Amino acid sequence: MMKLPVNITAILPITDNAISENAYLPSDVITAYNGKTIEVLNTDAEGRMTLADGLSYLSKNYKTDILIDLATLTGSSVRMFGDTCGAMFSNNEKLEKSFN
């Protein structure tokens, strides 16, 4: 055990794209965890909407110095880079450079 002076909190907002009578339909309006409404334009959005709720929950209920999203919702990244690396999007240049 390394006993590093850090606390890590992980959340797992997980869903599947199941077909049922409760599935989202185009033009449905869903209220997200943060209170914002989302109009469903793409019925393949369950994962993105669940991820948004998870990130909203984390940022509201935990004090974080750094928030890292390790979602697997970036199929375009896999097509671009393959499985040897992942895409990174950041609004913190210092953090971004620390991963290089």
# chains A, B, ... in the order shown; residues from 1 in each chain; ligands from 1
$ select_by_dssp --residues "chain A" --states "helix (DSSP H, G or I)" --output "list in words"
Glu46, Gly47, Arg48, Met49, Thr50, Leu51, Ala52, Asp53, Gly54, Leu55, Ser56, Tyr57, Leu58, Ser59, Lys60, Asn61, Gly75, Ser76, Ser77, Val78, Arg79, Met80, Phe81, Glu93, Lys94, Leu95, Glu96, Lys97 and Ser98 of chain A
$ residues_around --residues "Thr31 of chain A" --least-positions-apart "5" --cutoff "12 Å" --atoms "only C-alpha atoms" --output "list in words"
Lys36, Thr37, Ile38, Glu39, Val40, Met49, Thr50, Ala52 and Asp53 of chain A
$ select_by_dssp --residues "segment 27-71 of chain A" --states "strand (DSSP E or B)" --output "list in words"
Val29, Ile30, Thr31, Thr37, Ile38 and Glu39 of chain A
$ write_last_selection --atoms "N, CA, C and O atoms" --output "PDB file, in the first residue's frame"
ATOM      1  N   VAL A  29     -39.279  15.346 -22.401  1.00  0.00           N
ATOM      2  CA  VAL A  29     -38.497  16.316 -21.641  1.00  0.00           C
ATOM      3  C   VAL A  29     -38.236  15.703 -20.270  1.00  0.00           C
ATOM      4  O   VAL A  29     -39.166  15.360 -19.545  1.00  0.00           O
ATOM      5  N   ILE A  30     -36.967  15.545 -19.943  1.00  0.00           N
ATOM      6  CA  ILE A  30     -36.524  14.899 -18.704  1.00  0.00           C
ATOM      7  C   ILE A  30     -35.920  15.965 -17.793  1.00  0.00           C
ATOM      8  O   ILE A  30     -35.171  16.829 -18.258  1.00  0.00           O
ATOM      9  N   THR A  31     -36.210  15.907 -16.499  1.00  0.00           N
ATOM     10  CA  THR A  31     -35.564  16.809 -15.545  1.00  0.00           C
ATOM     11  C   THR A  31     -34.353  16.103 -14.965  1.00  0.00           C
ATOM     12  O   THR A  31     -34.468  15.024 -14.370  1.00  0.00           O
ATOM     13  N   THR A  37     -33.769  20.961 -17.486  1.00  0.00           N
ATOM     14  CA  THR A  37     -34.549  20.062 -18.318  1.00  0.00           C
ATOM     15  C   THR A  37     -33.795  19.772 -19.610  1.00  0.00           C
ATOM     16  O   THR A  37     -33.059  20.614 -20.123  1.00  0.00           O
ATOM     17  N   ILE A  38     -33.997  18.561 -20.107  1.00  0.00           N
ATOM     18  CA  ILE A  38     -33.328  18.099 -21.321  1.00  0.00           C
ATOM     19  C   ILE A  38     -34.397  17.556 -22.254  1.00  0.00           C
ATOM     20  O   ILE A  38     -35.176  16.685 -21.866  1.00  0.00           O
ATOM     21  N   GLU A  39     -34.435  18.091 -23.468  1.00  0.00           N
ATOM     22  CA  GLU A  39     -35.343  17.526 -24.462  1.00  0.00           C
ATOM     23  C   GLU A  39     -34.616  16.407 -25.174  1.00  0.00           C
ATOM     24  O   GLU A  39     -33.509  16.581 -25.678  1.00  0.00           O
TER      25      GLU A  39
END
$ residues_around --residues "Gly86 of chain A" --least-positions-apart "4" --cutoff "9 Å" --atoms "only C-alpha atoms" --output "PyMOL selection string"
chain A and resi 74+77-78+81-82
$ closest_atom_pairs --of "segment 67-88 of chain A" --to "segment 9-13 of chain A" --cutoff "10 Å" --atoms "only C-alpha atoms" --output "Markdown table"
| residue | atom | partner | partner_atom | distance |
| --- | --- | --- | --- | --- |
| A:Leu67 | CA | A:Thr9 | CA | 9.5 |
| A:Ile68 | CA | A:Ala10 | CA | 9.5 |
| A:Asp69 | CA | A:Ala10 | CA | 9.6 |
| A:Leu70 | CA | A:Leu12 | CA | 9.9 |
| A:Ala71 | CA | A:Leu12 | CA | 9.4 |
$ write_last_selection --atoms "N, CA and C atoms" --output "PDB file, in the first residue's frame"
ATOM      1  N   LEU A  67     -11.800  16.810 -10.724  1.00  0.00           N
ATOM      2  CA  LEU A  67     -12.845  15.876 -11.123  1.00  0.00           C
ATOM      3  C   LEU A  67     -12.415  15.255 -12.443  1.00  0.00           C
ATOM      4  N   ILE A  68     -12.299  13.938 -12.461  1.00  0.00           N
ATOM      5  CA  ILE A  68     -11.874  13.223 -13.668  1.00  0.00           C
ATOM      6  C   ILE A  68     -12.997  12.290 -14.080  1.00  0.00           C
ATOM      7  N   ASP A  69     -13.405  12.387 -15.323  1.00  0.00           N
ATOM      8  CA  ASP A  69     -14.453  11.550 -15.891  1.00  0.00           C
ATOM      9  C   ASP A  69     -13.797  10.478 -16.742  1.00  0.00           C
ATOM     10  N   LEU A  70     -13.994   9.215 -16.378  1.00  0.00           N
ATOM     11  CA  LEU A  70     -13.422   8.100 -17.135  1.00  0.00           C
ATOM     12  C   LEU A  70     -14.507   7.360 -17.914  1.00  0.00           C
ATOM     13  N   ALA A  71     -15.447   8.101 -18.456  1.00  0.00           N
ATOM     14  CA  ALA A  71     -16.578   7.490 -19.161  1.00  0.00           C
ATOM     15  C   ALA A  71     -16.129   6.784 -20.429  1.00  0.00           C
TER      16      ALA A  71
END
$ residues_around --residues "Gly47 of chain A" --least-positions-apart "3" --cutoff "9 Å" --atoms "only C-alpha atoms" --output "ChimeraX atom specification"
/A:13-17,44,50-52,73
$ atom_distance --atom1 "atom CA of Leu95 of chain A" --atom2 "atom CA of Thr64 of chain A"
13.8 Å
$ residues_around --residues "Asn92 of chain A" --least-positions-apart "3" --cutoff "12 Å" --atoms "only C-alpha atoms" --output "list in words"
Asp65, Ile66, Leu67, Ile68, Met88, Phe89, Leu95, Glu96, Lys97, Ser98 and Phe99 of chain A
$ atom_distance --atom1 "atom CA of Glu46 of chain A" --atom2 "atom CA of Thr84 of chain A"
26.6 Å
$ closest_residue --among "A:Ala45, A:Glu21, A:Arg79, A:Ser59" --to "Tyr33 of chain A" --atoms "only C-alpha atoms"
A:Ser59
$ atom_distance --atom1 "atom CA of Leu55 of chain A" --atom2 "atom CA of Asn22 of chain A"
23.5 Å
